[in-house]
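Take a look at the structure set out below.
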Amino acid sequence: MSRAANLAEPGTGFKSDSHLERVLAGGHFAVTGEIGPPKSWDAEVIRQKASLLKGYVDGANITDNQTAIVRMSSIAAGIIVKQEGLEPVIQMTCRDRNRLAMQSDLLGAAAHGINNVLCLSGDHQSFGNHPGAKNVHDIDSLQLVQMVKGLREGHFQCDEEIKGGGPGYFIGAAANPFAEPLEWRPFRLAKKTAAGADFIQTQLVYDIPRFREYMKKVVELGVHERTAILAGVGPLKSTGMAKYMRDRVPGMSVPQECIERMADAVAGIDEGDKKARAEAWRTEGIQLCIEQIQEIRQIEGVAGVHISAIEWESAIKPLVEGAGLLPRPPMNG
Amino acid sequence: MIVAETKPLEQIRQMLTRHKKVLAVGCGTCVTVCSAGGAKEVGILAASLRMAAKVNSETLEVDEAMVQRQCEVEYLEPLAEKFAGYDAVLSLGCGVGVQSIAQHLPEKSVYPALNTTFMGAPTEQGVWEERCQGCGNCVLHVTGGVCPVTRCAKQLFNGPCGGTEAGHCEVDEAIPCAWQMVWERIGRLGLIDELMELQPAKDWSTSRDGGPRRIVREDLRLPPDDQNYGEDAT
């Protein structure tokens with residue numbers, strides 16, 4: 001049995017071999033990033049993205065058929081990321097697998113040294129490239145959290161014992177502070193924590209006043225003491241992207257101020273000069289995101305940030321640097 | 001009730017190409033109520049098939065009949081003589097009705113004229129919505145009378161996903177978010193604390209996942225000699 005399949009050494013107080021767990025336990029403001037696997041079997045894509053994140057994040061989420069579009073498996077990509085010396089956080093949705101497949105894959109991932117799993121419901125298949133697919137939803141995301149915790153404790157979902165002990169996963173879940181019913185969201189977070197979520201990554205936060213309100217309630221409930229809450233952030237690429245996220249992405253809140261700042265960034269640049277406009281937008285997007293990270297960092301109960309810069313992985317370095325979050329705690333340290 | 005809708009005429013015509021004389025049979029129960037397979041719809045479909053055959057210079061005789069309940073063999077038996085006069089039967093019953101007729105007429109071709117869609121209810125004139133998937137293990141008592149198995153696109157048991165928008169499901173603006181409804185109803189009942197309880201993974205063995213289902217009520221069964229249901233009931 002590989003080392004990863006054992007619970008952390010007795011007496012360490014850790015639940016897993018996860019580097020992310022150690023960063024959080026050490027009281028550091030954690031930084032995670034995101035890698036979207038390619039719609040191909042090209043391992044080089046993963047290696048390149050990993051090289052852009054390495055040294056700047058404490059863990060990299062590997063998305064699982066994100067937006068219901070078929071991509072390289074999150075676990076396979078996670079293994080490559082691990083080989084590159086970066087800590088993978090594999091995402092697992094309830095859409096594509098039943099409890100047999102999930103547990104089997106989780107055992108396999110642990111055998112390859114993967115220590116973190118983020119448990120998600122999954123985007124509906126009607127949004128993706130196989131809208132005629134049958135979805136599974138054998139269990140929901142909370143029940144998945146519960147199941148992974150059970151595995152860690154040494155038993156399968158059916159209560160059967162795992163020979164040699166369970167895989168020591170550091171368990172994550174997602175939260176959306178901005179989706180309705182709004183009053184329920186802090187309680188849903190509490191429920192995910194009660195199910196066994198060790199860390200939480202939130203939906204992208206642009207609307208900081210609303211996030212602050214949400215966190216106030218979360219802190220009142222004491223949830224932040226039982227789970228590490230990483231606020232989702234992401235640099236905007238253009239005014240159009242900001243408007244799209246405001247108007248078209250379900251459960252997303254983008255304040256007018258963000259849209260105006262992106263629009264102002266290109267004011268005075270000739271519309272035909274696409275290159276200059278893109279450059280100006282990107283500079284402003286990164287600056288805005290840095291300010292957001294700094295503001296979010298001051299909010300009570302926030303343990304870190306999860307930076308989503310899918311297909312813009314090169315933004316991670318200036319963001320983490322600019323937000324004053326370097327150096328990151330070394331791995332195996 | 002069981003809600004169904006008529007298949008496209010062209011698909012039905014394709015099914016019947018091998019036949020010259022067809023009996024279109026409606027059902028007087030659910031599909032009459034949802035205006036998919038009652039006497040009126042049988043009349044319209046039969047006339048459409050006759051007309052299409054005529055326009056295309058084909059020979060197709062289509063007659064009409066009604067059965068009060070296609071899913072029960074006693075209602076099919078009186079039509080034995082009538083069935084005998086046709087090459088094929090076109091059922092405007094639900095999938096249960098089609099299969100009951102097929103089982104009742106082992107030597108005859110039986111075709112579905114409807115797509116059986118769901119167990120549901122009318123919500124306004126001309127609109128029906130799904131309400132039950134027959135999972136065999138009802139949870140409506142913990143979800144304020146709103147079914148998450150049927151009405152949540154992701155079949156969540158512990159609250160809403162992150163895609164709720166203005167009270168509707170991310171999949172379709174016409175679908176209300178089941179968990180928004182649960183939240184509102186449970187709130188009115190003053191039972192919000194109950195929603196904080198973790199619902200464990202569902203046992204789907206009572207659902208279709210356990211294989212085709214069968215209910216046996218020994219208290220209602222007849223002595224073996226008098227049993228007339230099942231495989232031998234032809």
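Starting from 1 in every chain, residues are counted up; chains themselves are A, B, ... following the order of the structure tokens, and ligands are numbered from 1 as listed.
If we count only C-alpha atoms, these residues of chain A sit within 6 Å of chain B: Ile139, Asp140, Gln143, Asn176, Ala179, Glu180, Pro250 and Gly251 of chain A.
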Using DSSP on the backbone coordinates, identify all residues within segment 3-71 of chain B classified as helix (DSSP H, G or I); present the result as an NGL selection string. :B and (9-15 or 30-33 or 39-55)
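Residue nearest Ala323 of chain A within the list A:Phe211, A:Phe29, A:Tyr244, A:Phe170: A:Phe29 [criterion: smallest interatomic distance, only C-alpha atoms].
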Considering only C-alpha atoms, can you say which of B:Asp226, B:Glu64, B:Glu218, B:Glu58 comes closest to Ala39 of chain B? B:Glu64
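Residue nearest Val25 of chain B, chosen from B:Leu105, B:Ala46, B:Leu60, B:Ala80 and counting only C-alpha atoms: B:Ala46.
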Long-range neighbours of Ala24 of chain B as number ranges by chain, 9 Å cut-off, only C-alpha atoms, 6 positions minimum in chain: B: 42-43, 45-46, 62-66, 88-92, 113
Produce a file of the selected residues containing N, CA and C atoms, as a PDB file, in the first residue's frame.
ATOM      1  N   VAL B  42     -58.131   9.923 -30.696  1.00  0.00           N
ATOM      2  CA  VAL B  42     -58.144   8.739 -31.570  1.00  0.00           C
ATOM      3  C   VAL B  42     -58.756   9.138 -32.918  1.00  0.00           C
ATOM      4  N   GLY B  43     -59.858   9.873 -32.856  1.00  0.00           N
ATOM      5  CA  GLY B  43     -60.541  10.316 -34.074  1.00  0.00           C
ATOM      6  C   GLY B  43     -59.640  11.180 -34.945  1.00  0.00           C
ATOM      7  N   LEU B  45     -56.289  11.374 -34.910  1.00  0.00           N
ATOM      8  CA  LEU B  45     -55.136  10.630 -35.425  1.00  0.00           C
ATOM      9  C   LEU B  45     -55.560   9.697 -36.561  1.00  0.00           C
ATOM     10  N   ALA B  46     -56.678   8.989 -36.366  1.00  0.00           N
ATOM     11  CA  ALA B  46     -57.143   8.046 -37.397  1.00  0.00           C
ATOM     12  C   ALA B  46     -57.437   8.807 -38.692  1.00  0.00           C
ATOM     13  N   VAL B  62     -57.983   2.677 -41.346  1.00  0.00           N
ATOM     14  CA  VAL B  62     -57.794   2.897 -39.907  1.00  0.00           C
ATOM     15  C   VAL B  62     -59.153   3.047 -39.241  1.00  0.00           C
ATOM     16  N   ASP B  63     -59.459   2.128 -38.341  1.00  0.00           N
ATOM     17  CA  ASP B  63     -60.704   2.224 -37.580  1.00  0.00           C
ATOM     18  C   ASP B  63     -60.399   2.643 -36.146  1.00  0.00           C
ATOM     19  N   GLU B  64     -61.450   3.012 -35.438  1.00  0.00           N
ATOM     20  CA  GLU B  64     -61.260   3.595 -34.104  1.00  0.00           C
ATOM     21  C   GLU B  64     -61.956   2.772 -33.030  1.00  0.00           C
ATOM     22  N   ALA B  65     -61.348   2.710 -31.869  1.00  0.00           N
ATOM     23  CA  ALA B  65     -61.978   2.028 -30.728  1.00  0.00           C
ATOM     24  C   ALA B  65     -61.495   2.667 -29.434  1.00  0.00           C
ATOM     25  N   MET B  66     -62.267   2.467 -28.391  1.00  0.00           N
ATOM     26  CA  MET B  66     -61.876   2.967 -27.059  1.00  0.00           C
ATOM     27  C   MET B  66     -61.910   1.817 -26.059  1.00  0.00           C
ATOM     28  N   ALA B  88     -52.959  -4.930 -37.361  1.00  0.00           N
ATOM     29  CA  ALA B  88     -52.147  -4.343 -36.293  1.00  0.00           C
ATOM     30  C   ALA B  88     -52.998  -3.439 -35.415  1.00  0.00           C
ATOM     31  N   VAL B  89     -52.504  -3.199 -34.196  1.00  0.00           N
ATOM     32  CA  VAL B  89     -53.186  -2.292 -33.272  1.00  0.00           C
ATOM     33  C   VAL B  89     -52.260  -1.107 -33.010  1.00  0.00           C
ATOM     34  N   LEU B  90     -52.840   0.088 -33.119  1.00  0.00           N
ATOM     35  CA  LEU B  90     -52.094   1.303 -32.783  1.00  0.00           C
ATOM     36  C   LEU B  90     -52.685   1.818 -31.473  1.00  0.00           C
ATOM     37  N   SER B  91     -51.892   1.705 -30.398  1.00  0.00           N
ATOM     38  CA  SER B  91     -52.420   2.079 -29.090  1.00  0.00           C
ATOM     39  C   SER B  91     -52.159   3.548 -28.785  1.00  0.00           C
ATOM     40  N   LEU B  92     -53.218   4.244 -28.362  1.00  0.00           N
ATOM     41  CA  LEU B  92     -53.053   5.614 -27.857  1.00  0.00           C
ATOM     42  C   LEU B  92     -53.097   5.608 -26.337  1.00  0.00           C
ATOM     43  N   ALA B 113     -48.645   4.998 -30.188  1.00  0.00           N
ATOM     44  CA  ALA B 113     -48.900   6.267 -30.876  1.00  0.00           C
ATOM     45  C   ALA B 113     -48.502   7.444 -29.999  1.00  0.00           C
TER      46      ALA B 113
END
Taking only segment 30-256 of chain A into account, list the residues labelled strand (DSSP E) by DSSP (computed from the backbone), as a VMD selection string. chain A and resid 30 to 35 59 to 62 88 to 93 116 to 120 170 to 175 199 to 204 228 to 233
Of the candidates A:Gln103, A:Tyr56, A:Glu84, A:Ile75, which one gets nearest to Glu44 of chain A if we count only C-alpha atoms?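 Closest candidate: A:Glu84.
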Please provide the set of residues having any atom within 12 Å of Ala84 of chain B, restricted to only C-alpha atoms, with same-chain residues fewer than 2 positions apart removed, written as a ChimeraX atom specification. /B:21-23,77-82,86-89,104-109
Quick one: residues within 8 Å of segment 36-39 of chain A, only C-alpha atoms, excluding same-chain residues fewer than 4 positions away - as a PyMOL selection string? chain A and resi 45-46+62-63+66+70-74+77+310-311
Write the residues of the selection above to a file with C-alpha atoms, as a compact mmCIF listing (two decimals), in the first residue's frame.
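As a result, selection_6.txt now contains:
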# COMPACT_ATOMS: atom_id res chain seq x y z
CA VAL A 45 -0.94 20.94 -21.69
CA ILE A 46 -1.23 19.91 -18.05
CA ILE A 62 -8.32 19.93 -11.42
CA THR A 63 -11.79 20.32 -12.84
CA GLN A 66 -16.32 21.25 -16.14
CA VAL A 70 -15.73 16.04 -21.81
CA ARG A 71 -12.12 16.64 -20.90
CA MET A 72 -9.19 14.59 -19.68
CA SER A 73 -10.06 12.92 -16.38
CA SER A 74 -9.41 15.06 -13.32
CA ALA A 77 -4.54 15.11 -14.89
CA ILE A 310 -8.97 29.16 -16.34
CA GLU A 311 -7.21 29.56 -19.70
Measuring atom to atom with only C-alpha atoms, identify which of A:Ala76, A:Val23, A:Val89, A:Val233 is nearest to Ile208 of chain A.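 The shortest atom-to-atom distance to Ile208 of chain A comes from A:Val233.
Rounded to one decimal, atom CA of Gly37 of chain B and atom CA of Val3 of chain B lie 10.0 Å from each other.
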By how many Å are atom CA of Asn332 of chain A and atom CA of Glu313 of chain A apart?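 Going from atom CA of Asn332 of chain A over to atom CA of Glu313 of chain A, I get 24.0 Å.
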Which polymer residues have any atom within 10 Å of an atom of Thr32 of chain B, counting only C-alpha atoms, with same-chain residues fewer than 2 positions away left out, as a PyMOL selection string? chain B and resi 3-4+26-30+34-42+68+92-93
Selection near Pro177 of chain A, 8 Å with only C-alpha atoms, sequence-local residues under 5 positions removed, as a ChimeraX atom specification: /A:182,185-186,202-203,211,214
Those same residues, written as a compact mmCIF listing (two decimals), in the first residue's frame with N, CA and C atoms?
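See again-v7.txt below for the written result:
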# COMPACT_ATOMS: atom_id res chain seq x y z
N LEU A 182 -31.00 33.18 -0.50
CA LEU A 182 -29.81 33.75 0.13
C LEU A 182 -29.71 33.44 1.63
N ARG A 185 -28.05 30.12 2.50
CA ARG A 185 -26.68 29.79 2.13
C ARG A 185 -25.72 29.58 3.31
N PRO A 186 -25.74 30.43 4.32
CA PRO A 186 -24.84 30.16 5.46
C PRO A 186 -25.17 28.82 6.15
N THR A 202 -15.45 29.04 -2.40
CA THR A 202 -16.71 29.68 -2.75
C THR A 202 -16.77 30.03 -4.23
N GLN A 203 -17.97 30.32 -4.66
CA GLN A 203 -18.21 30.92 -5.98
C GLN A 203 -17.38 32.21 -6.05
N PHE A 211 -20.69 39.54 0.11
CA PHE A 211 -19.89 38.45 0.67
C PHE A 211 -19.62 38.69 2.15
N TYR A 214 -22.58 37.74 4.14
CA TYR A 214 -22.64 36.28 4.21
C TYR A 214 -21.67 35.76 5.26
